[in-house]
Structure formats: C-alpha cells, structure tokens
Amino acid sequence: MEELTLFKSNGEPGLDAVSPSEGSRASFVLLRLLSDALDRAATDIHVESEGPGVKVRYRVDGFLRPVADYDLELGRRLISCVKVICDMDITKKSRFQDGSFLGKRGDEEVDFRVSVIQEVGGDKMVVRILQRKMHEGVIESLGLNDDLIATMRGFTRRSQGTLIVAGPTGVGKTTTLYALLQEVDRTRRNVVSIEDPVEYHLPLMTQIHVNPKVGMSFAAALRSVLRQDPNILMIGEIRDAETAEIALQSALTGHLILTTTHAKDAIGAIFRLSELNIPPYQLVTTVNLILAQRLARKLCERCKKPLPVKKKYFATLGFPAPATDTVYRAGGCPECDDTGYRGRVGVFELLQMNDPLRDAILRKAPESELQALQASGPYPRLVHDAMKKVEQGVLSMEEVSRVLV
Ligand SMILES: [Zn+2]
C-alpha cells in the first residue's frame, strides 16, 4: 500500500508545517488514522474528548464506529496538528473554526474538510472525507431497476425539462445526479454544475462551488452561468424560492435541469416546490420526473442469516409480505466489522408527470389524491422497491424499517 502524503490547501507540504514541539507521534498517529479511514471507506472522522481521554470514531455506511482511544495530551496534539495543516489559528481560542487540507496516496486524491468546535471538555473535531478522484459511479451501480434506468437515460437525451431527486440529507441524491451526468455526451453539450461543495470532479464539465460568504449563492451562480450558453445545468440543491424560480424558468427556455430537493418522497417534492412559491401551472409545465431516494445498508454476503417469512410479522410492521419464503437478517463477521452490513444501495421511486397528475396539481388536489395517482402509475413506490430488495436478499427488514419510517 502506498503512503499517504498531506498537503495544505495551497499545495504546500502539510506535515512539514507541524513544529517539532507538536511531536512526531501525533503526525504519525494522524497519518495512520487518515489512511485507515480511507481503507475502510469512512466518510467522516470524529475526534472528541470522552472521560479522561479522547475518542476517535469513523462514519462508515452512515454509522459511527469507535476505532481508537488516546490520552488527552495526544488527542490535543492530534487536533493541533490538523489545525496547523489547515492554517487555523492555534493560539486564538475561537469557538468555531473551518479549514481543509489535501491527501495523496498513489493516484488517489482526497479532500479533507475540517471543522473544530470548542466544547466543554475541549475541542471536538470532525474531518469530512471527499474523494477527489473522478466520479466513477455508473447508473447501473445505484440500485435502480431496468425500467427506471431506461426512463432516466431517455431524460438525459432531451433538450429541455427538469428532473428532481428528492430525499432527506445524506441519501446519495448527488451521487445519482453524477451518475446521470456520466450518461450525457459532454463533448457536444455544455454542462455546468453549481454545487455546495463540489464533491467529485467530472471531465468535460464546468463545476462551480457555491460560496454564500462572498455573495455566491445558488441563485447568483445560476444567473451568471445562464449567460454562458449552457445546455445542461446540475443544481446541487433547490432550497430557496429564488433558485427554484430561476431553475424552473430556465427549463422552459431550452435547458435541461438536474437538481435535488429536501422532501420525504416524490409527492412531497411537489409540495416542497409549492412552499417555495412555484405556482402549479409552472410546476406542471417544467417538471418531468421526480425520483425519490433512500440509502440502505446492504446485508454482508458473508454472514447474512436466513429467516423464514411469517406473514403476520410483516402485517404488524405495516409492510406488504414478500413473495419469497425466506428473507435475511444481519449476522456479523470480520469482513463487516461485526455489523452485519457492508456497502449501501439506493431505494427508489419515480414519478413521471402525466395528464391526470397535471390536472390534479392544477386543481391543488390533496396529497392522498396525488398518491393514488402515483400508485396507479407504472413505477414502484419506495416501499415496493425496498421489499423487492428484501426478496432478493440484499436488504434486511430492520434496515428497510429504519430508512423508510
Ligand atoms: Zn459479515
């Protein structure tokens, strides 16, 4: 395995900046913690004081796992080591500090985003890990069924319209958008993304990092970008009325819009846009597809345990019974750190705009009516897609209940 090397965000060597008094042990421990986090595909590292020492945890597949305990002195040095690499002020005791640094290991490039907060027991540090390598996720790897893939692919070939990916925070909405952008012929179409932050780099595409601190909000960025003759716009998230208005307006004037919004499901996204003052007539003429999504932990293939299906059990949970006789539950083995789960997969539902739905939205029909229209459509809802994955032995019922309820 190649060694990890750290750099400041300006490209200068990172660990050289740490003074000898901070101790080489802290830099050694830091490098080991970061490498180990990369090996385990962790997305965050948490360092905080706990009792007489400092506790380190990794977030893997969405859950925190304790990985190490250090004494207070080493913990303090570890955090100040990171502060130095981030060019944070180590003398001033400000309550909140943000920074970042870079890591290189072989051809792997990683962005580490650091946040330090002063709490009662000392500093608490969270390091977010963003792989800088090109996004390689293909649409087939997300967990979409073939019908959904075909519909989404068809959408990417259109010249105008809007696709919205809906879901709570941290369910992989952006990853889905990147996978769709992989499908686009980016040599022949001008593709621009506006993101907060830019998570992956895609070749042949302009990626803009939103920075509200310097007046570059989603809406401001969108206005500038529209003057640069874009064909396809990826907008990281619609979270304010102004962005919603400009985005949907540009979908009417020859732009293909791919975006996300915070909503529990596809119908929820319609109500979310209404809350952002998008009038119904604009919504029904500009929005073509709404994909709602969750992210569920896949059962570890090495240790999952069969469970005979008891129909009554599913009824009490409020889920349809699976069509199979056996489902699976989590076990535990060294491969999965005894969690029973390994890797994650998306659970999806798709809502396609059609005449009955347009009519209902224009009439401001209640949620229940829209849901009934969705149920009569060709695509599975979140619960059905999840149950399909339970039947296939990919998901456990515990996990489905956790992500859907
Ligand atoms: Zn296992």
# chains A, B, ... in the order shown; residues from 1 in each chain; ligands from 1
>>> closest_atom_pairs(of="chain A", to="ligand 1", cutoff="12 Å", atoms="only C-alpha atoms and all ligand atoms", output="CSV")
residue,atom,partner,partner_atom_place_in_ligand_line,distance
A:Lys298,CA,ligand 1,1 (Zn),10.4
A:Leu299,CA,ligand 1,1 (Zn),7.7
A:Cys300,CA,ligand 1,1 (Zn),4.5
A:Glu301,CA,ligand 1,1 (Zn),6.6
A:Arg302,CA,ligand 1,1 (Zn),5.0
A:Cys303,CA,ligand 1,1 (Zn),4.3
A:Lys304,CA,ligand 1,1 (Zn),6.8
A:Lys305,CA,ligand 1,1 (Zn),10.0
A:Arg329,CA,ligand 1,1 (Zn),11.0
A:Ala330,CA,ligand 1,1 (Zn),7.9
A:Gly331,CA,ligand 1,1 (Zn),6.2
A:Gly332,CA,ligand 1,1 (Zn),4.5
A:Cys333,CA,ligand 1,1 (Zn),4.0
A:Pro334,CA,ligand 1,1 (Zn),6.2
A:Glu335,CA,ligand 1,1 (Zn),5.0
A:Cys336,CA,ligand 1,1 (Zn),4.3
A:Asp337,CA,ligand 1,1 (Zn),7.0
A:Asp338,CA,ligand 1,1 (Zn),6.1
A:Thr339,CA,ligand 1,1 (Zn),6.8
A:Gly340,CA,ligand 1,1 (Zn),4.7
A:Tyr341,CA,ligand 1,1 (Zn),6.3
A:Arg342,CA,ligand 1,1 (Zn),7.2
A:Gly343,CA,ligand 1,1 (Zn),10.9
>>> residues_around(residues="region 152-168 of chain A", least_positions_apart="4", cutoff="7 Å", atoms="only C-alpha atoms", output="list of chain:residue names")
A:Leu148, A:Lys173, A:Val184, A:Ala251, A:Leu252, A:Gly254, A:His255, A:Leu256, A:Ile257, A:Leu258, A:Thr259, A:Thr260, A:Thr261, A:His262, A:Ala263, A:Lys264, A:Asp265, A:Ala266, A:Ala269, A:Thr286, A:Val287, A:Asn288, A:Leu289, A:Ile290, A:Leu291, A:Ala292, A:Gln293, A:Arg294
>>> write_last_selection(atoms="C-alpha atoms", output="JSON list (two decimals), in the first residue's frame")
[["chain", "number", "residue", "atom", "x", "y", "z"],
["A", 148, "LEU", "CA", -36.12, 3.36, -14.10],
["A", 173, "LYS", "CA", -29.01, 12.33, -4.20],
["A", 184, "VAL", "CA", -24.56, 12.79, -21.16],
["A", 251, "ALA", "CA", -36.15, 24.64, -18.01],
["A", 252, "LEU", "CA", -38.71, 26.35, -20.24],
["A", 254, "GLY", "CA", -34.02, 25.22, -23.77],
["A", 255, "HIS", "CA", -32.13, 23.96, -20.72],
["A", 256, "LEU", "CA", -32.08, 20.56, -19.14],
["A", 257, "ILE", "CA", -32.13, 20.91, -15.35],
["A", 258, "LEU", "CA", -30.98, 18.21, -12.93],
["A", 259, "THR", "CA", -31.41, 19.06, -9.29],
["A", 260, "THR", "CA", -32.29, 17.82, -5.81],
["A", 261, "THR", "CA", -34.60, 18.92, -3.08],
["A", 262, "HIS", "CA", -35.26, 18.01, 0.52],
["A", 263, "ALA", "CA", -38.56, 16.07, 0.65],
["A", 264, "LYS", "CA", -39.65, 12.71, 2.02],
["A", 265, "ASP", "CA", -40.89, 11.32, -1.29],
["A", 266, "ALA", "CA", -41.81, 12.25, -4.88],
["A", 269, "ALA", "CA", -41.24, 17.28, -3.64],
["A", 286, "THR", "CA", -41.44, 22.35, -16.28],
["A", 287, "VAL", "CA", -41.04, 19.26, -14.07],
["A", 288, "ASN", "CA", -40.86, 15.96, -15.96],
["A", 289, "LEU", "CA", -39.50, 13.44, -13.49],
["A", 290, "ILE", "CA", -39.18, 13.23, -9.71],
["A", 291, "LEU", "CA", -37.02, 10.45, -8.36],
["A", 292, "ALA", "CA", -37.27, 9.91, -4.60],
["A", 293, "GLN", "CA", -34.49, 8.07, -2.88],
["A", 294, "ARG", "CA", -33.24, 6.48, 0.34]]
>>> select_by_dssp(residues="region 148-270 of chain A", states="strand (DSSP E or B)", output="MDAnalysis selection string")
chainID A and resid 161:167 191:195 201 206:209 211 216 232:235 256:262
>>> residues_around(residues="region 273-277 of chain A", least_positions_apart="4", cutoff="9 Å", atoms="only C-alpha atoms", output="ChimeraX atom specification")
/A:238-242,244-245,261,268-269,283
>>> atom_distance(atom1="CA of Tyr58 (chain A)", atom2="CA of Gly346 (chain A)")
21.6 Å
>>> closest_residue(among="A:Val138, A:Cys86, A:Met234, A:Leu4", to="Asp36 (chain A)", atoms="only C-alpha atoms")
A:Leu4
>>> atom_distance(atom1="CA of Leu6 (chain A)", atom2="CA of Leu30 (chain A)")
10.2 Å
>>> residues_around(residues="Gln182 (chain A)", least_positions_apart="2", cutoff="9 Å", atoms="only C-alpha atoms", output="PyMOL selection string")
chain A and resi 135-139+177-180+184-186+202
>>> residues_around(residues="Leu307 (chain A)", least_positions_apart="5", cutoff="7 Å", atoms="only C-alpha atoms", output="VMD selection string")
chain A and resid 326 to 329
>>> closest_residue(among="A:Lys55, A:Arg272, A:Arg188, A:His201", to="Ile232 (chain A)", atoms="only C-alpha atoms")
A:Arg188
>>> residues_around(residues="Ala220 (chain A)", least_positions_apart="3", cutoff="12 Å", atoms="only C-alpha atoms", output="NGL selection string")
:A and (194 or 208-212 or 214-217 or 223-227 or 235 or 240 or 242-243 or 246-247)
>>> closest_residue(among="A:Glu119, A:Asp146, A:Glu398, A:Glu195", to="Phe319 (chain A)", atoms="only C-alpha atoms")
A:Glu398
>>> residues_around(residues="Val84 (chain A)", least_positions_apart="2", cutoff="12 Å", atoms="only C-alpha atoms", output="ChimeraX atom specification")
/A:6-9,13-19,22,27,77-82,86-91,97-101,114
>>> write_last_selection(atoms="C-alpha atoms", output="compact mmCIF listing (two decimals), in the first residue's frame")
# COMPACT_ATOMS: atom_id res chain seq x y z
CA LEU A 6 -0.66 15.51 3.20
CA PHE A 7 -0.70 18.97 1.66
CA LYS A 8 -2.10 22.32 2.72
CA SER A 9 -4.97 23.58 0.60
CA PRO A 13 3.63 20.23 2.11
CA GLY A 14 1.36 19.58 5.07
CA LEU A 15 3.18 17.80 7.87
CA ASP A 16 6.39 19.86 7.44
CA ALA A 17 4.32 22.70 8.79
CA VAL A 18 3.84 20.94 12.11
CA SER A 19 6.50 22.14 14.54
CA GLU A 22 3.91 19.17 18.46
CA SER A 27 1.72 13.26 12.97
CA ARG A 77 -1.68 17.30 19.80
CA LEU A 78 -3.58 15.45 17.11
CA ILE A 79 -6.12 18.26 16.80
CA SER A 80 -3.46 21.00 16.82
CA CYS A 81 -1.54 19.04 14.16
CA VAL A 82 -4.63 19.23 11.92
CA CYS A 86 -5.36 23.78 7.80
CA ASP A 87 -3.66 27.10 8.67
CA MET A 88 -6.14 27.60 11.50
CA ASP A 89 -5.27 29.81 14.41
CA ILE A 90 -3.98 27.51 17.15
CA THR A 91 -3.46 30.23 19.72
CA GLN A 97 -13.03 27.02 13.02
CA ASP A 98 -13.26 25.59 9.48
CA GLY A 99 -10.48 24.54 7.16
CA SER A 100 -9.30 21.92 4.73
CA PHE A 101 -6.25 20.03 3.54
CA VAL A 114 -12.20 20.06 8.85
>>> closest_residue(among="A:Gln352, A:Pro380, A:Ile361, A:Val390", to="Val309 (chain A)", atoms="only C-alpha atoms")
A:Val390
>>> atom_distance(atom1="CA of Lys104 (chain A)", atom2="CA of Glu3 (chain A)")
8.2 Å
>>> select_by_dssp(residues="region 13-136 of chain A", states="alpha helix (DSSP H)", output="PyMOL selection string")
chain A and resi 24-39+72-85
>>> write_last_selection(atoms="C-alpha atoms", output="compact mmCIF listing (two decimals), in the first residue's frame")
# COMPACT_ATOMS: atom_id res chain seq x y z
CA SER A 24 6.19 13.37 15.59
CA ARG A 25 3.98 10.84 17.40
CA ALA A 26 0.90 12.99 16.70
CA SER A 27 1.72 13.26 12.97
CA PHE A 28 2.34 9.52 12.85
CA VAL A 29 -0.99 8.78 14.53
CA LEU A 30 -2.77 11.29 12.26
CA LEU A 31 -1.41 9.66 9.09
CA ARG A 32 -2.42 6.25 10.37
CA LEU A 33 -5.93 7.41 11.28
CA LEU A 34 -6.45 9.03 7.88
CA SER A 35 -5.08 6.03 5.90
CA ASP A 36 -7.13 3.63 7.95
CA ALA A 37 -10.26 5.75 7.36
CA LEU A 38 -9.62 5.65 3.58
CA ASP A 39 -9.14 1.86 3.68
CA LEU A 72 -5.82 13.75 26.44
CA GLU A 73 -2.34 15.02 25.61
CA LEU A 74 -2.04 13.00 22.38
CA GLY A 75 -5.61 13.93 21.45
CA ARG A 76 -4.83 17.61 21.93
CA ARG A 77 -1.68 17.30 19.80
CA LEU A 78 -3.58 15.45 17.11
CA ILE A 79 -6.12 18.26 16.80
CA SER A 80 -3.46 21.00 16.82
CA CYS A 81 -1.54 19.04 14.16
CA VAL A 82 -4.63 19.23 11.92
CA LYS A 83 -5.17 22.92 12.79
CA VAL A 84 -1.63 23.69 11.61
CA ILE A 85 -2.11 21.87 8.29
